[in-house]
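> Just one file: protein_17.cif, with mmCIF, C-alpha atoms.
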data_query
#
loop_
_atom_site.group_PDB
_atom_site.id
_atom_site.type_symbol
_atom_site.label_atom_id
_atom_site.label_comp_id
_atom_site.auth_asym_id
_atom_site.auth_seq_id
_atom_site.Cartn_x
_atom_site.Cartn_y
_atom_site.Cartn_z
ATOM 1 C CA THR Y 14 -72.149 -15.096 -13.210
ATOM 2 C CA GLU Y 15 -73.190 -13.814 -16.649
ATOM 3 C CA ALA Y 16 -69.538 -13.254 -17.611
ATOM 4 C CA LEU Y 17 -68.774 -16.835 -16.623
ATOM 5 C CA GLU Y 18 -71.788 -18.437 -18.301
ATOM 6 C CA THR Y 19 -72.023 -16.498 -21.557
ATOM 7 C CA GLY Y 20 -68.815 -14.448 -21.694
ATOM 8 C CA LEU Y 21 -65.136 -15.327 -21.612
ATOM 9 C CA GLY Y 22 -65.592 -17.984 -18.944
ATOM 10 C CA PHE Y 23 -63.508 -16.271 -16.275
ATOM 11 C CA ALA Y 24 -63.522 -13.160 -14.122
ATOM 12 C CA LEU Y 25 -60.863 -11.516 -11.968
ATOM 13 C CA LEU Y 26 -62.027 -9.507 -8.977
ATOM 14 C CA ARG Y 27 -59.435 -7.197 -7.487
ATOM 15 C CA GLY Y 28 -59.304 -5.367 -4.201
ATOM 16 C CA VAL Y 29 -61.199 -7.772 -1.928
ATOM 17 C CA ASP Y 30 -60.605 -6.162 1.457
ATOM 18 C CA LEU Y 31 -58.868 -8.619 3.793
ATOM 19 C CA PRO Y 32 -58.558 -6.933 7.213
ATOM 20 C CA GLN Y 33 -55.238 -7.262 8.967
ATOM 21 C CA SER Y 34 -54.842 -9.642 11.904
ATOM 22 C CA GLY Y 35 -56.229 -8.193 15.112
ATOM 23 C CA CYS Y 36 -59.231 -6.500 13.530
ATOM 24 C CA HIS Y 37 -62.134 -7.285 15.920
ATOM 25 C CA GLY Y 38 -59.955 -9.989 17.429
ATOM 26 C CA TYR Y 39 -59.645 -12.183 14.321
ATOM 27 C CA SER Y 40 -56.625 -13.178 12.258
ATOM 28 C CA GLN Y 41 -56.397 -12.197 8.599
ATOM 29 C CA GLU Y 42 -56.836 -15.860 7.622
ATOM 30 C CA THR Y 43 -60.090 -16.070 9.562
ATOM 31 C CA TRP Y 44 -61.331 -12.910 7.865
ATOM 32 C CA ALA Y 45 -60.400 -14.409 4.493
ATOM 33 C CA TYR Y 46 -62.395 -17.569 5.191
ATOM 34 C CA ARG Y 47 -65.425 -15.569 6.309
ATOM 35 C CA ILE Y 48 -65.363 -13.146 3.394
ATOM 36 C CA ASN Y 49 -64.807 -15.986 0.933
ATOM 37 C CA TRP Y 50 -67.798 -17.868 2.284
ATOM 38 C CA VAL Y 51 -70.118 -14.861 2.033
ATOM 39 C CA LEU Y 52 -69.054 -14.250 -1.570
ATOM 40 C CA ALA Y 53 -69.524 -17.928 -2.404
ATOM 41 C CA LEU Y 54 -73.080 -18.037 -1.105
ATOM 42 C CA ALA Y 55 -73.933 -15.098 -3.352
ATOM 43 C CA LEU Y 56 -72.460 -16.767 -6.440
ATOM 44 C CA GLY Y 57 -73.999 -20.245 -6.502
ATOM 45 C CA ASP Y 58 -74.452 -23.623 -4.808
ATOM 46 C CA VAL Y 59 -71.218 -24.572 -3.023
ATOM 47 C CA ILE Y 60 -70.142 -28.232 -3.248
ATOM 48 C CA ALA Y 61 -67.562 -30.391 -1.442
ATOM 49 C CA GLN Y 62 -63.999 -30.533 -2.795
ATOM 50 C CA ASN Y 63 -62.863 -33.724 -1.112
ATOM 51 C CA ALA Y 64 -64.072 -36.767 0.771
ATOM 52 C CA GLN Y 65 -63.731 -34.895 4.091
ATOM 53 C CA GLY Y 66 -66.559 -32.640 2.959
ATOM 54 C CA GLU Y 67 -64.472 -29.473 2.858
ATOM 55 C CA VAL Y 68 -66.101 -26.615 0.990
ATOM 56 C CA ILE Y 69 -63.241 -24.133 1.325
ATOM 57 C CA GLY Y 70 -59.963 -25.702 0.308
ATOM 58 C CA ALA Y 71 -56.661 -24.261 1.505
ATOM 59 C CA VAL Y 72 -54.390 -24.319 -1.550
ATOM 60 C CA GLN Y 73 -51.125 -24.463 0.331
ATOM 61 C CA ALA Y 74 -47.912 -26.484 0.093
ATOM 62 C CA VAL Y 75 -47.879 -29.106 2.838
ATOM 63 C CA VAL Y 76 -45.838 -31.677 0.860
ATOM 64 C CA ASN Y 77 -42.784 -31.145 -1.334
ATOM 65 C CA ALA Y 78 -43.108 -31.373 -5.095
ATOM 66 C CA SER Y 79 -41.112 -34.624 -5.022
ATOM 67 C CA ASP Y 80 -43.792 -36.141 -2.750
ATOM 68 C CA ASN Y 81 -46.636 -35.281 -5.118
ATOM 69 C CA GLY Y 82 -47.568 -38.905 -5.786
ATOM 70 C CA MET Y 83 -50.401 -40.700 -7.495
ATOM 71 C CA ASP Y 84 -52.774 -40.289 -4.551
ATOM 72 C CA THR Y 85 -51.694 -36.784 -3.543
ATOM 73 C CA ARG Y 86 -53.960 -33.934 -4.591
ATOM 74 C CA GLY Y 87 -51.836 -31.455 -6.509
ATOM 75 C CA TYR Y 88 -53.010 -28.367 -4.649
ATOM 76 C CA VAL Y 89 -51.223 -29.451 -1.443
ATOM 77 C CA SER Y 90 -47.761 -29.246 -3.005
ATOM 78 C CA ASN Y 91 -45.647 -26.543 -4.583
ATOM 79 C CA ALA Y 92 -45.278 -28.476 -7.835
ATOM 80 C CA GLU Y 93 -46.510 -27.281 -11.203
ATOM 81 C CA LEU Y 94 -50.174 -28.059 -11.822
ATOM 82 C CA ARG Y 95 -50.670 -28.730 -15.519
ATOM 83 C CA PHE Y 96 -53.740 -27.516 -17.356
ATOM 84 C CA HIS Y 97 -56.926 -28.926 -15.890
ATOM 85 C CA CYS Y 98 -60.510 -28.231 -14.883
ATOM 86 C CA ASP Y 99 -61.832 -28.570 -11.335
ATOM 87 C CA GLY Y 100 -65.106 -29.893 -9.958
ATOM 88 C CA GLY Y 101 -68.381 -28.005 -10.151
ATOM 89 C CA ASP Y 102 -69.362 -25.426 -12.735
ATOM 90 C CA VAL Y 103 -67.087 -22.718 -11.353
ATOM 91 C CA ALA Y 104 -63.909 -22.692 -9.269
ATOM 92 C CA SER Y 105 -62.935 -19.578 -7.334
ATOM 93 C CA LEU Y 106 -59.514 -18.798 -5.905
ATOM 94 C CA LEU Y 107 -58.954 -16.040 -3.344
ATOM 95 C CA CYS Y 108 -55.357 -14.961 -2.838
ATOM 96 C CA VAL Y 109 -54.520 -14.401 0.834
ATOM 97 C CA ARG Y 110 -50.713 -14.619 0.547
ATOM 98 C CA GLN Y 111 -48.558 -15.063 -2.544
ATOM 99 C CA ALA Y 112 -45.250 -16.896 -2.930
ATOM 100 C CA PRO Y 113 -42.099 -14.772 -3.389
ATOM 101 C CA GLU Y 114 -41.119 -16.763 -6.485
ATOM 102 C CA GLY Y 115 -43.296 -18.579 -9.019
ATOM 103 C CA GLY Y 116 -46.945 -19.477 -8.475
ATOM 104 C CA TYR Y 117 -48.199 -17.918 -11.721
ATOM 105 C CA ASN Y 118 -51.695 -18.777 -12.936
ATOM 106 C CA SER Y 119 -52.555 -19.396 -16.586
ATOM 107 C CA LEU Y 120 -55.909 -19.687 -18.351
ATOM 108 C CA VAL Y 121 -56.765 -21.052 -21.777
ATOM 109 C CA SER Y 122 -60.073 -21.242 -23.614
ATOM 110 C CA MET Y 123 -61.226 -24.743 -24.531
ATOM 111 C CA HIS Y 124 -63.058 -23.147 -27.483
ATOM 112 C CA THR Y 125 -59.681 -21.923 -28.752
ATOM 113 C CA ILE Y 126 -58.118 -25.362 -28.352
ATOM 114 C CA HIS Y 127 -61.029 -27.031 -30.150
ATOM 115 C CA ASN Y 128 -60.976 -24.550 -33.040
ATOM 116 C CA ILE Y 129 -57.220 -24.808 -33.559
ATOM 117 C CA MET Y 130 -57.406 -28.592 -33.494
ATOM 118 C CA ALA Y 131 -60.177 -28.497 -36.106
ATOM 119 C CA LYS Y 132 -57.779 -26.609 -38.403
ATOM 120 C CA GLU Y 133 -54.423 -28.195 -37.573
ATOM 121 C CA CYS Y 134 -55.104 -31.756 -36.401
ATOM 122 C CA PRO Y 135 -58.796 -32.655 -36.867
ATOM 123 C CA GLN Y 136 -57.970 -36.379 -36.651
ATOM 124 C CA HIS Y 137 -57.761 -36.025 -32.849
ATOM 125 C CA LEU Y 138 -61.248 -34.597 -32.314
ATOM 126 C CA SER Y 139 -63.062 -37.917 -32.708
ATOM 127 C CA THR Y 140 -60.870 -39.348 -29.925
ATOM 128 C CA LEU Y 141 -61.627 -36.395 -27.656
ATOM 129 C CA TYR Y 142 -65.374 -36.530 -28.312
ATOM 130 C CA ARG Y 143 -65.353 -40.265 -27.573
ATOM 131 C CA GLY Y 144 -63.503 -39.548 -24.352
ATOM 132 C CA VAL Y 145 -60.780 -41.109 -22.229
ATOM 133 C CA PRO Y 146 -60.904 -42.896 -18.861
ATOM 134 C CA MET Y 147 -60.612 -40.844 -15.683
ATOM 135 C CA PHE Y 148 -58.819 -41.552 -12.411
ATOM 136 C CA MET Y 149 -60.130 -41.028 -8.885
ATOM 137 C CA ARG Y 150 -57.467 -40.718 -6.211
ATOM 138 C CA ALA Y 151 -57.729 -42.612 -2.937
ATOM 139 C CA GLU Y 152 -59.045 -40.418 -0.149
ATOM 140 C CA LYS Y 153 -60.654 -41.025 3.278
ATOM 141 C CA GLY Y 154 -61.929 -44.527 2.724
ATOM 142 C CA LEU Y 155 -62.385 -44.121 -1.026
ATOM 143 C CA LYS Y 156 -60.073 -46.379 -3.007
ATOM 144 C CA SER Y 157 -58.340 -45.134 -6.112
ATOM 145 C CA ALA Y 158 -60.140 -46.261 -9.226
ATOM 146 C CA SER Y 159 -60.357 -45.839 -12.964
ATOM 147 C CA LEU Y 160 -63.655 -44.295 -14.003
ATOM 148 C CA PRO Y 161 -65.559 -44.687 -17.288
ATOM 149 C CA ARG Y 162 -64.613 -42.709 -20.363
ATOM 150 C CA GLN Y 163 -65.505 -39.051 -20.256
ATOM 151 C CA PRO Y 164 -65.706 -36.847 -23.363
ATOM 152 C CA LEU Y 165 -63.418 -33.829 -23.387
ATOM 153 C CA PHE Y 166 -65.732 -31.792 -25.606
ATOM 154 C CA TYR Y 167 -69.527 -31.510 -25.829
ATOM 155 C CA ASP Y 168 -71.129 -29.960 -28.920
ATOM 156 C CA ARG Y 169 -74.329 -28.265 -27.734
ATOM 157 C CA GLY Y 170 -75.310 -26.921 -31.138
ATOM 158 C CA ASP Y 171 -75.121 -23.197 -30.459
ATOM 159 C CA HIS Y 172 -72.190 -23.489 -28.044
ATOM 160 C CA LEU Y 173 -69.339 -25.767 -27.030
ATOM 161 C CA LEU Y 174 -68.579 -27.069 -23.558
ATOM 162 C CA GLY Y 175 -65.632 -29.110 -22.361
ATOM 163 C CA TRP Y 176 -63.916 -30.649 -19.357
ATOM 164 C CA ILE Y 177 -60.253 -31.649 -19.377
ATOM 165 C CA ASN Y 178 -57.845 -32.733 -16.652
ATOM 166 C CA LEU Y 179 -54.602 -33.853 -18.290
ATOM 167 C CA ARG Y 180 -53.123 -35.588 -15.261
ATOM 168 C CA LEU Y 181 -56.283 -37.446 -14.220
ATOM 169 C CA MET Y 182 -56.671 -38.653 -17.802
ATOM 170 C CA GLU Y 183 -53.167 -40.156 -17.784
ATOM 171 C CA LEU Y 184 -53.342 -41.875 -14.401
ATOM 172 C CA PRO Y 185 -55.738 -44.740 -15.283
ATOM 173 C CA TYR Y 186 -53.064 -46.215 -17.528
ATOM 174 C CA GLU Y 187 -50.105 -45.214 -15.366
ATOM 175 C CA SER Y 188 -51.678 -46.758 -12.259
ATOM 176 C CA ALA Y 189 -52.271 -50.012 -14.137
ATOM 177 C CA GLY Y 190 -48.742 -50.056 -15.537
ATOM 178 C CA GLU Y 191 -50.084 -49.910 -19.079
ATOM 179 C CA PRO Y 192 -49.192 -47.565 -21.932
ATOM 180 C CA MET Y 193 -51.851 -45.110 -23.031
ATOM 181 C CA PRO Y 194 -53.268 -46.000 -26.469
ATOM 182 C CA GLU Y 195 -51.408 -44.108 -29.170
ATOM 183 C CA GLU Y 196 -54.435 -42.179 -30.410
ATOM 184 C CA GLU Y 197 -55.290 -40.987 -26.885
ATOM 185 C CA ARG Y 198 -51.682 -40.044 -26.093
ATOM 186 C CA ALA Y 199 -51.386 -38.090 -29.325
ATOM 187 C CA ALA Y 200 -54.699 -36.296 -28.740
ATOM 188 C CA LEU Y 201 -53.818 -35.227 -25.177
ATOM 189 C CA ASP Y 202 -50.342 -34.133 -26.288
ATOM 190 C CA ALA Y 203 -51.942 -31.968 -28.967
ATOM 191 C CA VAL Y 204 -54.309 -30.415 -26.415
ATOM 192 C CA GLU Y 205 -51.423 -29.546 -24.080
ATOM 193 C CA GLU Y 206 -49.159 -28.246 -26.855
ATOM 194 C CA ILE Y 207 -51.863 -25.895 -28.131
ATOM 195 C CA ALA Y 208 -52.781 -24.792 -24.582
ATOM 196 C CA GLU Y 209 -49.153 -23.944 -23.791
ATOM 197 C CA ARG Y 210 -48.642 -21.650 -26.766
ATOM 198 C CA GLN Y 211 -47.988 -18.144 -25.510
ATOM 199 C CA SER Y 212 -50.504 -16.750 -27.996
ATOM 200 C CA ASN Y 213 -53.290 -18.900 -26.556
ATOM 201 C CA LYS Y 214 -52.874 -18.600 -22.794
ATOM 202 C CA LEU Y 215 -53.226 -15.728 -20.355
ATOM 203 C CA THR Y 216 -50.617 -15.794 -17.577
ATOM 204 C CA PHE Y 217 -50.594 -13.607 -14.482
ATOM 205 C CA LYS Y 218 -49.777 -13.636 -10.780
ATOM 206 C CA LEU Y 219 -52.529 -13.109 -8.259
ATOM 207 C CA LYS Y 220 -52.006 -10.524 -5.546
ATOM 208 C CA PRO Y 221 -53.468 -10.601 -2.023
ATOM 209 C CA GLY Y 222 -57.096 -9.556 -2.312
ATOM 210 C CA ASP Y 223 -57.500 -10.907 -5.863
ATOM 211 C CA MET Y 224 -60.208 -13.481 -6.557
ATOM 212 C CA LEU Y 225 -60.146 -15.525 -9.764
ATOM 213 C CA LEU Y 226 -63.318 -17.251 -10.945
ATOM 214 C CA THR Y 227 -63.098 -19.803 -13.755
ATOM 215 C CA HIS Y 228 -65.892 -21.705 -15.512
ATOM 216 C CA ASN Y 229 -64.773 -25.328 -15.589
ATOM 217 C CA HIS Y 230 -66.592 -26.116 -18.843
ATOM 218 C CA VAL Y 231 -65.193 -23.134 -20.743
ATOM 219 C CA CYS Y 232 -61.579 -22.624 -19.558
ATOM 220 C CA MET Y 233 -58.717 -24.728 -18.270
ATOM 221 C CA HIS Y 234 -56.312 -23.338 -15.711
ATOM 222 C CA LYS Y 235 -52.844 -24.180 -14.445
ATOM 223 C CA ARG Y 236 -50.288 -23.002 -11.888
ATOM 224 C CA SER Y 237 -46.525 -22.843 -12.174
ATOM 225 C CA ALA Y 238 -44.288 -24.318 -9.486
ATOM 226 C CA PHE Y 239 -43.305 -21.950 -6.700
ATOM 227 C CA ILE Y 240 -40.735 -21.400 -3.972
ATOM 228 C CA ASP Y 241 -42.390 -20.611 -0.667
ATOM 229 C CA GLU Y 242 -41.508 -18.535 2.357
ATOM 230 C CA VAL Y 243 -39.583 -20.394 5.052
ATOM 231 C CA ASP Y 244 -41.892 -18.998 7.746
ATOM 232 C CA PRO Y 245 -45.168 -21.018 7.592
ATOM 233 C CA SER Y 246 -47.144 -18.008 8.794
ATOM 234 C CA ARG Y 247 -46.094 -16.175 5.619
ATOM 235 C CA SER Y 248 -46.397 -19.095 3.196
ATOM 236 C CA ARG Y 249 -48.472 -18.947 0.019
ATOM 237 C CA LEU Y 250 -52.189 -19.366 0.751
ATOM 238 C CA MET Y 251 -55.106 -19.431 -1.650
ATOM 239 C CA LEU Y 252 -58.670 -20.290 -0.651
ATOM 240 C CA ARG Y 253 -60.574 -22.333 -3.222
ATOM 241 C CA LEU Y 254 -64.281 -22.996 -3.649
ATOM 242 C CA TRP Y 255 -66.227 -25.104 -6.118
ATOM 243 C CA TYR Y 256 -69.809 -24.219 -6.861
ATOM 244 C CA ASN Y 257 -72.588 -24.859 -9.354
ATOM 245 C CA VAL Y 258 -74.644 -22.261 -11.203
ATOM 246 C CA PRO Y 259 -78.368 -23.068 -10.857
ATOM 247 C CA GLY Y 260 -79.878 -23.199 -14.334
ATOM 248 C CA GLY Y 261 -76.428 -22.973 -15.916
ATOM 249 C CA ARG Y 262 -75.391 -24.571 -19.193
ATOM 250 C CA ALA Y 263 -73.440 -27.367 -17.513
ATOM 251 C CA GLU Y 264 -76.698 -28.906 -16.268
ATOM 252 C CA ALA Y 265 -77.183 -30.262 -19.794
ATOM 253 C CA ILE Y 266 -74.012 -32.392 -19.700
ATOM 254 C CA VAL Y 267 -73.563 -33.275 -16.013
ATOM 255 C CA PRO Y 268 -76.263 -35.529 -14.525
ATOM 256 C CA PRO Y 269 -77.858 -34.231 -11.300
ATOM 257 C CA GLU Y 270 -76.397 -37.120 -9.279
ATOM 258 C CA LYS Y 271 -72.878 -36.027 -10.289
ATOM 259 C CA ARG Y 272 -73.287 -32.338 -9.510
ATOM 260 C CA GLY Y 273 -72.972 -32.661 -5.749
ATOM 261 C CA GLY Y 274 -69.182 -32.734 -5.550
ATOM 262 C CA TYR Y 275 -67.319 -35.423 -3.648
ATOM 263 C CA PHE Y 276 -69.295 -38.122 -1.870
ATOM 264 C CA VAL Y 277 -69.195 -37.318 1.830
ATOM 265 C CA ASP Y 278 -70.474 -39.172 4.892
ATOM 266 C CA GLN Y 279 -70.902 -36.062 6.989
ATOM 267 C CA PRO Y 280 -72.227 -32.515 6.586
ATOM 268 C CA TYR Y 281 -70.080 -30.070 4.677
ATOM 269 C CA VAL Y 282 -67.388 -28.474 6.812
ATOM 270 C CA ILE Y 283 -65.031 -25.528 6.834
ATOM 271 C CA ARG Y 284 -61.771 -26.648 8.434
ATOM 272 C CA HIS Y 285 -60.193 -23.563 9.867
ATOM 273 C CA PRO Y 286 -59.658 -22.827 13.558
ATOM 274 C CA VAL Y 287 -61.110 -19.503 14.657
ATOM 275 C CA SER Y 288 -58.222 -17.267 15.642
#
Write out the structure in this file as structure tokens.

Amino acid sequence: TEALETGLGFALLRGVDLPQSGCHGYSQETWAYRINWVLALALGDVIAQNAQGEVIGAVQAVVNASDNGMDTRGYVSNAELRFHCDGGDVASLLCVRQAPEGGYNSLVSMHTIHNIMAKECPQHLSTLYRGVPMFMRAEKGLKSASLPRQPLFYDRGDHLLGWINLRLMELPYESAGEPMPEEERAALDAVEEIAERQSNKLTFKLKPGDMLLTHNHVCMHKRSAFIDEVDPSRSRLMLRLWYNVPGGRAEAIVPPEKRGGYFVDQPYVIRHPVS
């Protein structure tokens, strides 16, 4: 947690032991869910990732990239996921199975983006500090909606925090059939161009047993498109959690009523059949 809060904003744990299927009568997937949950409880306060109340999200392609529409969460397709931040203070990703082709992860520091913009294109920073509208996708009784402006950067005096989701910041205008204001379009384009520079991003491919933890107010992350196994039992599978760090720095910029994750009408659930 210290490395996430006051260090680089990410950590990569390697060698998480995922027993093979059949160990004590459980499948490897079931072991992965159980181990992931134990680790999560030791790291922070787990929050819901969707309106169904799921706390462990299966990042797995169940729709084709071409079907990744306005109300489809990106993690359920094999399409590229552009740079973004997730919900909660920290997002963790446990690799259970990797795709044979593609599926690379990339990280970029929002401090780096901010500092480069201050030198190369400072005219965009006022737009980013003012913020842009956000989009909420329709899900389980929740209608899609444009949300109020949200700043991309927060100057906390002795440190900088941020939160950026490129796609969700474009959708309010796209869903309304309106062009994004020129100053907002130019600012987001500058953010993405700087983030995509090879000198600024760290790119790697997770292996089974790797767990990536990313602080959502320090780093953005992305995933390249991938080609999956034909056999569903061997398809790419990552298990994702969102959680908050009690007493963490993000408490200063995220109101308590917005730190609980998705609104849910039932207790939190883990949707995975025991096998």
> So that I can check the surroundings of range 29-31 of chain Y, please list as a PyMOL selection string every protein, DNA and RNA residue that reaches within 8 Å of it, counting all atoms listed in the file and ignoring chain neighbours fewer than 5 positions away.
chain Y and resi 41+44-45+48+109+222-224
> Considering only C-alpha atoms, return as number ranges by chain whatever protein or nucleic-acid residues lie within 9 Å of Leu219 in chain Y, sequence-local ones (same chain, fewer than 3 positions apart) excluded.
Y: 107-108, 111, 116-118, 222-225
> Using C-alpha atoms, can you export the residues from the last selection as a tab-separated table (two decimals), in the frame of the given file?

chain	number	residue	atom	x	y	z
Y	107	LEU	CA	-58.95	-16.04	-3.34
Y	108	CYS	CA	-55.36	-14.96	-2.84
Y	111	GLN	CA	-48.56	-15.06	-2.54
Y	116	GLY	CA	-46.94	-19.48	-8.48
Y	117	TYR	CA	-48.20	-17.92	-11.72
Y	118	ASN	CA	-51.70	-18.78	-12.94
Y	222	GLY	CA	-57.10	-9.56	-2.31
Y	223	ASP	CA	-57.50	-10.91	-5.86
Y	224	MET	CA	-60.21	-13.48	-6.56
Y	225	LEU	CA	-60.15	-15.52	-9.76
> If we count all atoms listed in the file and set the cut-off at 12 Å, which residues sit around Ala53 in chain Y, ignoring sequence neighbours fewer than 3 positions away in its own chain? Please answer as a list in words.
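Residues near the query, excluding close chain neighbours: Thr14, Ala45, Tyr46, Arg47, Ile48, Asn49, Trp50, Leu56, Gly57, Asp58, Val59, Ile60, Val68, Ile69, Val103, Ala104, Ser105, Leu106, Leu107, Met224, Leu226, Leu252, Arg253, Leu254, Trp255, Tyr256, Asn257 and Val258 of chain Y.
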> Applying the PyMOL selection byres ((chain Y and resi 202-218) around 8) to the file I just gave you, which residues come out? Please list them as a PDB file with C-alpha atoms, in the frame of the given file.

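And here's out_4.pdb as it stands now:
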ATOM      1  CA  PHE Y  96     -53.740 -27.516 -17.356  1.00  0.00           C
ATOM      2  CA  GLY Y 116     -46.945 -19.477  -8.475  1.00  0.00           C
ATOM      3  CA  TYR Y 117     -48.199 -17.918 -11.721  1.00  0.00           C
ATOM      4  CA  ASN Y 118     -51.695 -18.777 -12.936  1.00  0.00           C
ATOM      5  CA  SER Y 119     -52.555 -19.396 -16.586  1.00  0.00           C
ATOM      6  CA  LEU Y 120     -55.909 -19.687 -18.351  1.00  0.00           C
ATOM      7  CA  VAL Y 121     -56.765 -21.052 -21.777  1.00  0.00           C
ATOM      8  CA  SER Y 122     -60.073 -21.242 -23.614  1.00  0.00           C
ATOM      9  CA  THR Y 125     -59.681 -21.923 -28.752  1.00  0.00           C
ATOM     10  CA  ILE Y 126     -58.118 -25.362 -28.352  1.00  0.00           C
ATOM     11  CA  ILE Y 129     -57.220 -24.808 -33.559  1.00  0.00           C
ATOM     12  CA  MET Y 130     -57.406 -28.592 -33.494  1.00  0.00           C
ATOM     13  CA  LEU Y 179     -54.602 -33.853 -18.290  1.00  0.00           C
ATOM     14  CA  ARG Y 198     -51.682 -40.044 -26.093  1.00  0.00           C
ATOM     15  CA  ALA Y 199     -51.386 -38.090 -29.325  1.00  0.00           C
ATOM     16  CA  ALA Y 200     -54.699 -36.296 -28.740  1.00  0.00           C
ATOM     17  CA  LEU Y 201     -53.818 -35.227 -25.177  1.00  0.00           C
ATOM     18  CA  LEU Y 219     -52.529 -13.109  -8.259  1.00  0.00           C
ATOM     19  CA  LYS Y 220     -52.006 -10.524  -5.546  1.00  0.00           C
TER      20      LYS Y 220
END
> Nearest to Val231 in chain Y among Y:Leu21, Y:Leu184, Y:Ala71, Y:Leu160, with distances taken over only C-alpha atoms: which residue is it?
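Looking only at the distances to Val231 in chain Y, the closest residue turns out to be Y:Leu21.
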> Determine the nearest neighbour of Ala61 in chain Y from the options Y:Glu197, Y:Asp168, Y:Asp99, Y:Glu191, counting all atoms listed in the file.
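Among the listed residues, Y:Asp99 lies closest to Ala61 in chain Y.
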> Tell me, in Å to one decimal, how far CA of Met233 in chain Y is from CA of Leu94 in chain Y.
11.2 Å
> Counting all atoms listed in the file, which of Y:Arg110, Y:His172, Y:His127, Y:Arg180 gets nearest to Phe148 in chain Y?
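Under the stated criterion, the closest residue is Y:Arg180.
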> What is the distance, in Å and to one decimal place, between CA of Pro185 in chain Y and CA of Gly100 in chain Y?
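These two atoms are separated by 18.3 Å.
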> Just checking: using all atoms listed in the file, which residue out of Y:Ala238, Y:Ala263, Y:Gly273, Y:Arg247 ends up closest to Leu173 in chain Y?
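Among the listed residues, Y:Ala263 lies closest to Leu173 in chain Y.
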